[in-house]
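Participant: This is the structure I have questions about; it appears just below.
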Amino acid sequence: MTIKDIAKAAGVSPSTVSLVINQKDARISEETRQRVLQVIEQSNYIPYAGVRGRLLSQNNQIALVMPSLKDTFLSDFADRVQNLARSQGFALTVQSSSGRSENEKTIFSELSEAYIAGMLVFPCDPESVSFLCSDDCNIGSVVLLDSAYANLPFPQLSRDFAAAAEAGTAYLLKNNHRRIALVLQSSTSSDTRDRVISGYKTGLSSYRAPFDDQLLVLTGDEFGYQLGNLIDAGIDAVVCQDSASAGETYRILSQKQYKIPDDISVICLEDSPLMEQLSPAVTSVKTDVNELARLAVETLISQINGNQAPAFATNLPVQLIRRESVKRHAKPKHKIVIVGSINMDVTLNVTRLPHSGETVLASGQSSWPGGKGANQAIGVSRFGADAFMVGRLGNDLYGKQLFERLTREQVNMQGVSFSQDQLSGTAFINVQSDGQNTIVVNPGANASVTPEYIDNNRSIFAEAQYCLVQMEIPLETVKAIVRLCKELNVKVILKPSPAQELSAELLDGLFLLIPNQEEADILAPDLSPEEQANAFLYQGVENVIITLADKGCLFARKDGMESYPAVDFPSVDATGASDIFISCLAAQLSKGNDMDTAIKLATIAASYSVSKEGVQNAIISPDLLDDLYKGDYSLLAKGK
């Protein structure tokens with residue numbers, strides 16, 4: 001007899017016979033099923049003699065297929081499923097796919113040939129799952145776990161990974177973490193990872209924190225290297241998708257001698273016995289494993305018994321379990337982002353500055369870390385604000401020295417990376433005996449601070465009060481910075497050095513423009529400082545400060561102008577005085593001082609700096625700055 005003959009004898013369609021033979025008959029009545037089986041038995045249907053025994057006999061074997069046997073959550077789940085299955089008269093076999101599609105297909109094929117009663121599976125690939133829907137598969141009862149595939153005839157139970165990721169990320173943000181890496185498990189399905197990423201993004205957006213895909217890292221051969229780079233770049237927290245990735249993250253942090261949670265907080269999106277055993281115990285987002293196991297076994301046995309199971313039963317509730325791996329960080333109160341050049345300054349001491357074609361002998365030479373960006377970052381840090389540097393260095397000796405120096409100065413360097421193609425920037429400075437100087441700069445890696453680089457580091461700008469920018473990086477990058485800061489409500493302070501034409505896009509709405517006299521003359525020639533300031537205000541700048549060397553500075557805004565005299569310190573080296581002025585000014589504004597007080601303090605700091613050689617060693621201490629601000633300037637300026 002053929003399938004058609006059986007169908008005719010049983011009074012059903014051939015497709016119904018096929019469904020019964022392949023044990024895909026959950027929606028067929030028991031009466032119809034038994035009638036078809038009786039015809040098969042009486043006809044001794046040869047092509048399906050091998051499956052007839054399975055159809056007409058009781059099979060008490062069910063299988064659980066998981067991506068890993070080492071994952072402590074899954075092993076705990078398997079243990080509970082085994083107990084529940086045994087209580088219902090079923091024996092359980094457990095197999096691991098290792099998260100590989102080819103392994104999963106082989107396991108499904110072997111289980112199909114074993115005529116098991118049903119299967120629970122954590123699928124890793126929709127292509128291998130498609131085998132379960134084919135006529136070649138003899139596994140009629142299947143429950144998919146941690147999946148949400150469309151157009152499949154099987155019930156699906158899933159942990160709510162999006163809700164877990166959202167809860168974990170939001171908890172870290174609530175505790176003032178801002179640079180949060182997400183570790184994704186490579187052995188789970190791409191669908192599961194996508195849901196984790198979706199929840200992570202939602203958690204970030206709930207605190208208006210930007211998403212940065214460079215903070216996503218996948219477990220695997222390169223995991224230690226990639227996570228290590230993120231750790232070195234300044235992340236302050238890690239969200240781990242599962243227990244296995246949490247354990248590996250702990251190991252890597254320990255190897256790099258980072259303390260949890262003092263240096264970096266860690267949270268896991270599943271709870272398991274391992275999370276309590278690690279030291280410190282891991283803060284987790286818990287899905288009730290008992291409930292997941294109960295629902296999975298009940299749904300599978302319901303199918304095996306011929307009852308219709310729900311197509312979907314997702315969104316099991318999650319619960320945050322607070323342990324010791326998360327520590328509340330001090331909220332940055334005075335965050336200032338500095339984008340600009342990082343150079344090694346080579347200074348030559350000369351009796352006078354050379355003219356064109358003239359050779360002048362130097363009386364001394366010294367090398368100092370410099371660049372307007374680096375100078376301002378160190379100044380901001382020393383004046384008591386939180387300095388976040390964005391820039392690039394060459395992968396050379398100068399670059400390593402500069403990175404180490406700024407790190408020692410407590411500058412956050414997560415926005416600084418090393419170029420493999422360009423050398424670090426270098427500045428050659430001639431300083432004559434009265435402190436006047438000329439500077440020639442080779443930008444080097446500074447030129448690779450592109451608009452794309454800024455966009456890749458946009459998360460660093462979040463919650464900053466001010467952004468300090470100079471013109472030693474590409475002009476298009478400066479424009480991108482101004483646009484981004486407008487979007488994030490960050491106030492931009494622009495030093496137009498070296499001076500070049502500034503577009504309306506840059507000037508309109510700019511919080512503060514600070515040129516020196518030479519730069520102002522290039523930007524607005526043939527005008528007095530007062531007229532120049534008015535010209536900048538007319539173009540949309542909110543505040544203008546023109547620094548006038550030993551004459552102090554001129555401050556202008558729409559409601560008026562005011563001059564601030566310099567303090568009379570002996571001039572040794574005027575290099576970097578404007579950088580010290582700007583960094584001191586920004587730090588004072590970030591602390592809540594008004595513009596008048598901030599300018600007076602910045603003027604003292606800049607005046608003091610010219611009495612010292614170099615830049616960074618000429619930055620006045622906050623205590624001395626406070627004394628000078630309160631004291632008798634004339635006496636102090638004379639060295640008394």
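In the structure tokens, each chain is lettered A, B, ... as it comes, each chain's residues begin at 1, and ligands are numbered from 1 in order of appearance.
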What parts of segment 452-528 of chain A does DSSP call alpha helix (DSSP H)? I'd like the answer as a ChimeraX atom specification.
Facilitator: /A:452-456,475-488,504-507,517-523
Participant: Quick one: residues within 7 Å of segment 487-500 of chain A, only C-alpha atoms counted, chain neighbours fewer than 2 positions away excluded, as a list of chain:residue names?
Facilitator: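 These residues fall inside the cut-off: A:Ala462, A:Ala464, A:Gln465, A:Tyr466, A:Cys467, A:Leu468, A:Val469, A:Gln470, A:Met471, A:Glu472, A:Val482, A:Arg483, A:Leu484, A:Cys485, A:Leu502, A:Leu510, A:Phe511, A:Leu512, A:Leu513, A:Ile514, A:Pro515, A:Glu519, A:Ile522, A:Leu523.
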Participant: Keeping N, CA and C atoms, export the residues of the selection given above as an mmCIF file, in the first residue's frame.
Facilitator:
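Below is the file result-v1.cif, written as the result:
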```cif
data_model
loop_
_atom_site.group_PDB
_atom_site.id
_atom_site.type_symbol
_atom_site.label_atom_id
_atom_site.label_comp_id
_atom_site.auth_asym_id
_atom_site.auth_seq_id
_atom_site.Cartn_x
_atom_site.Cartn_y
_atom_site.Cartn_z
ATOM 1 N N ALA A 462 29.432 62.878 26.204
ATOM 2 C CA ALA A 462 28.181 62.858 26.973
ATOM 3 C C ALA A 462 28.403 63.423 28.368
ATOM 4 N N ALA A 464 29.461 66.186 29.386
ATOM 5 C CA ALA A 464 30.523 67.177 29.582
ATOM 6 C C ALA A 464 29.905 68.561 29.689
ATOM 7 N N GLN A 465 30.562 69.420 30.482
ATOM 8 C CA GLN A 465 30.103 70.802 30.573
ATOM 9 C C GLN A 465 30.708 71.653 29.457
ATOM 10 N N TYR A 466 32.003 71.438 29.209
ATOM 11 C CA TYR A 466 32.717 72.247 28.227
ATOM 12 C C TYR A 466 33.577 71.351 27.348
ATOM 13 N N CYS A 467 33.824 71.835 26.145
ATOM 14 C CA CYS A 467 34.757 71.177 25.226
ATOM 15 C C CYS A 467 35.749 72.222 24.736
ATOM 16 N N LEU A 468 37.046 71.961 24.948
ATOM 17 C CA LEU A 468 38.107 72.860 24.501
ATOM 18 C C LEU A 468 38.645 72.352 23.170
ATOM 19 N N VAL A 469 38.690 73.238 22.175
ATOM 20 C CA VAL A 469 39.118 72.849 20.833
ATOM 21 C C VAL A 469 40.135 73.860 20.327
ATOM 22 N N GLN A 470 41.127 73.337 19.592
ATOM 23 C CA GLN A 470 42.109 74.195 18.930
ATOM 24 C C GLN A 470 42.111 73.873 17.435
ATOM 25 N N MET A 471 42.931 74.581 16.673
ATOM 26 C CA MET A 471 42.922 74.424 15.218
ATOM 27 C C MET A 471 44.130 73.640 14.715
ATOM 28 N N GLU A 472 44.793 72.885 15.576
ATOM 29 C CA GLU A 472 45.914 72.060 15.142
ATOM 30 C C GLU A 472 45.456 70.674 14.694
ATOM 31 N N VAL A 482 31.988 70.890 16.819
ATOM 32 C CA VAL A 482 31.018 71.938 17.160
ATOM 33 C C VAL A 482 29.592 71.434 16.944
ATOM 34 N N ARG A 483 29.375 70.706 15.839
ATOM 35 C CA ARG A 483 28.026 70.163 15.575
ATOM 36 C C ARG A 483 27.619 69.178 16.664
ATOM 37 N N LEU A 484 28.548 68.279 17.018
ATOM 38 C CA LEU A 484 28.245 67.279 18.039
ATOM 39 C C LEU A 484 27.953 67.931 19.385
ATOM 40 N N CYS A 485 28.742 68.923 19.747
ATOM 41 C CA CYS A 485 28.545 69.596 21.029
ATOM 42 C C CYS A 485 27.221 70.355 21.080
ATOM 43 N N LEU A 502 37.266 81.365 9.682
ATOM 44 C CA LEU A 502 36.257 80.620 10.426
ATOM 45 C C LEU A 502 34.898 80.830 9.776
ATOM 46 N N LEU A 510 28.626 79.795 19.076
ATOM 47 C CA LEU A 510 29.818 79.362 19.803
ATOM 48 C C LEU A 510 29.837 80.019 21.180
ATOM 49 N N PHE A 511 30.084 79.215 22.227
ATOM 50 C CA PHE A 511 30.044 79.756 23.582
ATOM 51 C C PHE A 511 31.150 80.774 23.815
ATOM 52 N N LEU A 512 32.395 80.445 23.428
ATOM 53 C CA LEU A 512 33.516 81.337 23.734
ATOM 54 C C LEU A 512 34.615 81.193 22.697
ATOM 55 N N LEU A 513 35.036 82.316 22.136
ATOM 56 C CA LEU A 513 36.164 82.371 21.206
ATOM 57 C C LEU A 513 37.305 83.106 21.897
ATOM 58 N N ILE A 514 38.526 82.491 21.899
ATOM 59 C CA ILE A 514 39.663 83.094 22.599
ATOM 60 C C ILE A 514 40.868 83.190 21.664
ATOM 61 N N PRO A 515 40.933 84.222 20.798
ATOM 62 C CA PRO A 515 42.148 84.431 20.002
ATOM 63 C C PRO A 515 43.124 85.333 20.762
ATOM 64 N N GLU A 519 46.194 86.440 16.258
ATOM 65 C CA GLU A 519 45.135 85.646 15.629
ATOM 66 C C GLU A 519 43.916 86.510 15.324
ATOM 67 N N ILE A 522 44.418 88.413 12.156
ATOM 68 C CA ILE A 522 44.238 87.607 10.948
ATOM 69 C C ILE A 522 42.752 87.395 10.665
ATOM 70 N N LEU A 523 41.970 87.150 11.702
ATOM 71 C CA LEU A 523 40.551 86.875 11.530
ATOM 72 C C LEU A 523 39.750 88.136 11.223
#
```
Participant: Extract, using only C-alpha atoms, all DNA, RNA and protein residues at most 7 Å from Ala598 of chain A, discarding same-chain residues fewer than 3 positions from it, and format them as a count of residues only.
Facilitator: 8
Participant: Show me a table, sorted first by chain and then by increasing residue number, of the residues of segment 420-440 of chain A having an atom at most 12 Å from segment 319-342 of chain A, each with its shortest atom pair and the distance in Å to one decimal, counting only C-alpha atoms and written as a tab-separated table.
Facilitator:
```
residue	atom	partner	partner_atom	distance
A:Leu423	CA	A:Ile342	CA	11.3
A:Ser424	CA	A:Ile342	CA	7.7
A:Gly425	CA	A:Ile342	CA	6.4
A:Thr426	CA	A:Ile342	CA	8.2
A:Ala427	CA	A:Ile342	CA	9.5
```
Participant: Mind checking which residues fall within 12 Å of Asp213 of chain A, counting only C-alpha atoms, ignoring those fewer than 5 positions away in the same chain, and posting them as a VMD selection string?
Facilitator: chain A and resid 179 to 183 197 to 198 200 to 201 218 230 455 to 459
Participant: Quick one: residues within 12 Å of segment 549-554 of chain A, only C-alpha atoms, excluding same-chain residues fewer than 3 positions away - as a PyMOL selection string?
Facilitator: chain A and resi 434-436+513-518+520+528-534+543-546+557+560-571+573-578+581-582+596+599-611
Participant: To one decimal place in Å, what is the distance between atom CA of Ser187 of chain A and atom CA of Ser243 of chain A?
Facilitator: 12.5 Å
Participant: What's around segment 373-380 of chain A at 7 Å? Count only C-alpha atoms, leave out sequence neighbours fewer than 6 positions away in its own chain, and write the answer as a CSV table (one decimal) with C-alpha atoms, in the first residue's frame.
Facilitator:
```csv
chain,number,residue,atom,x,y,z
A,338,ILE,CA,39.7,68.5,25.3
A,339,VAL,CA,40.2,67.7,21.6
A,340,GLY,CA,43.4,68.8,20.0
A,341,SER,CA,47.1,68.1,19.4
A,342,ILE,CA,49.4,66.0,21.5
A,387,ALA,CA,39.9,66.2,31.9
A,389,MET,CA,41.4,63.9,26.1
A,406,LEU,CA,49.1,62.4,30.5
A,409,GLU,CA,48.5,63.7,35.2
A,411,VAL,CA,43.9,62.8,32.3
A,579,ASP,CA,46.8,77.2,27.0
A,580,ILE,CA,47.2,77.8,30.7
A,583,SER,CA,42.5,75.5,30.9
A,584,CYS,CA,42.2,77.6,34.1
A,587,ALA,CA,38.1,74.7,35.1
A,616,GLN,CA,53.4,72.1,32.0
A,619,ILE,CA,51.2,75.6,35.6
```
Participant: Report, in Å with one decimal, the straight-line distance from atom CA of Gly370 of chain A to atom CA of Phe383 of chain A.
Facilitator: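 Value for the atom CA of Gly370 of chain A-atom CA of Phe383 of chain A distance: 17.2 Å.
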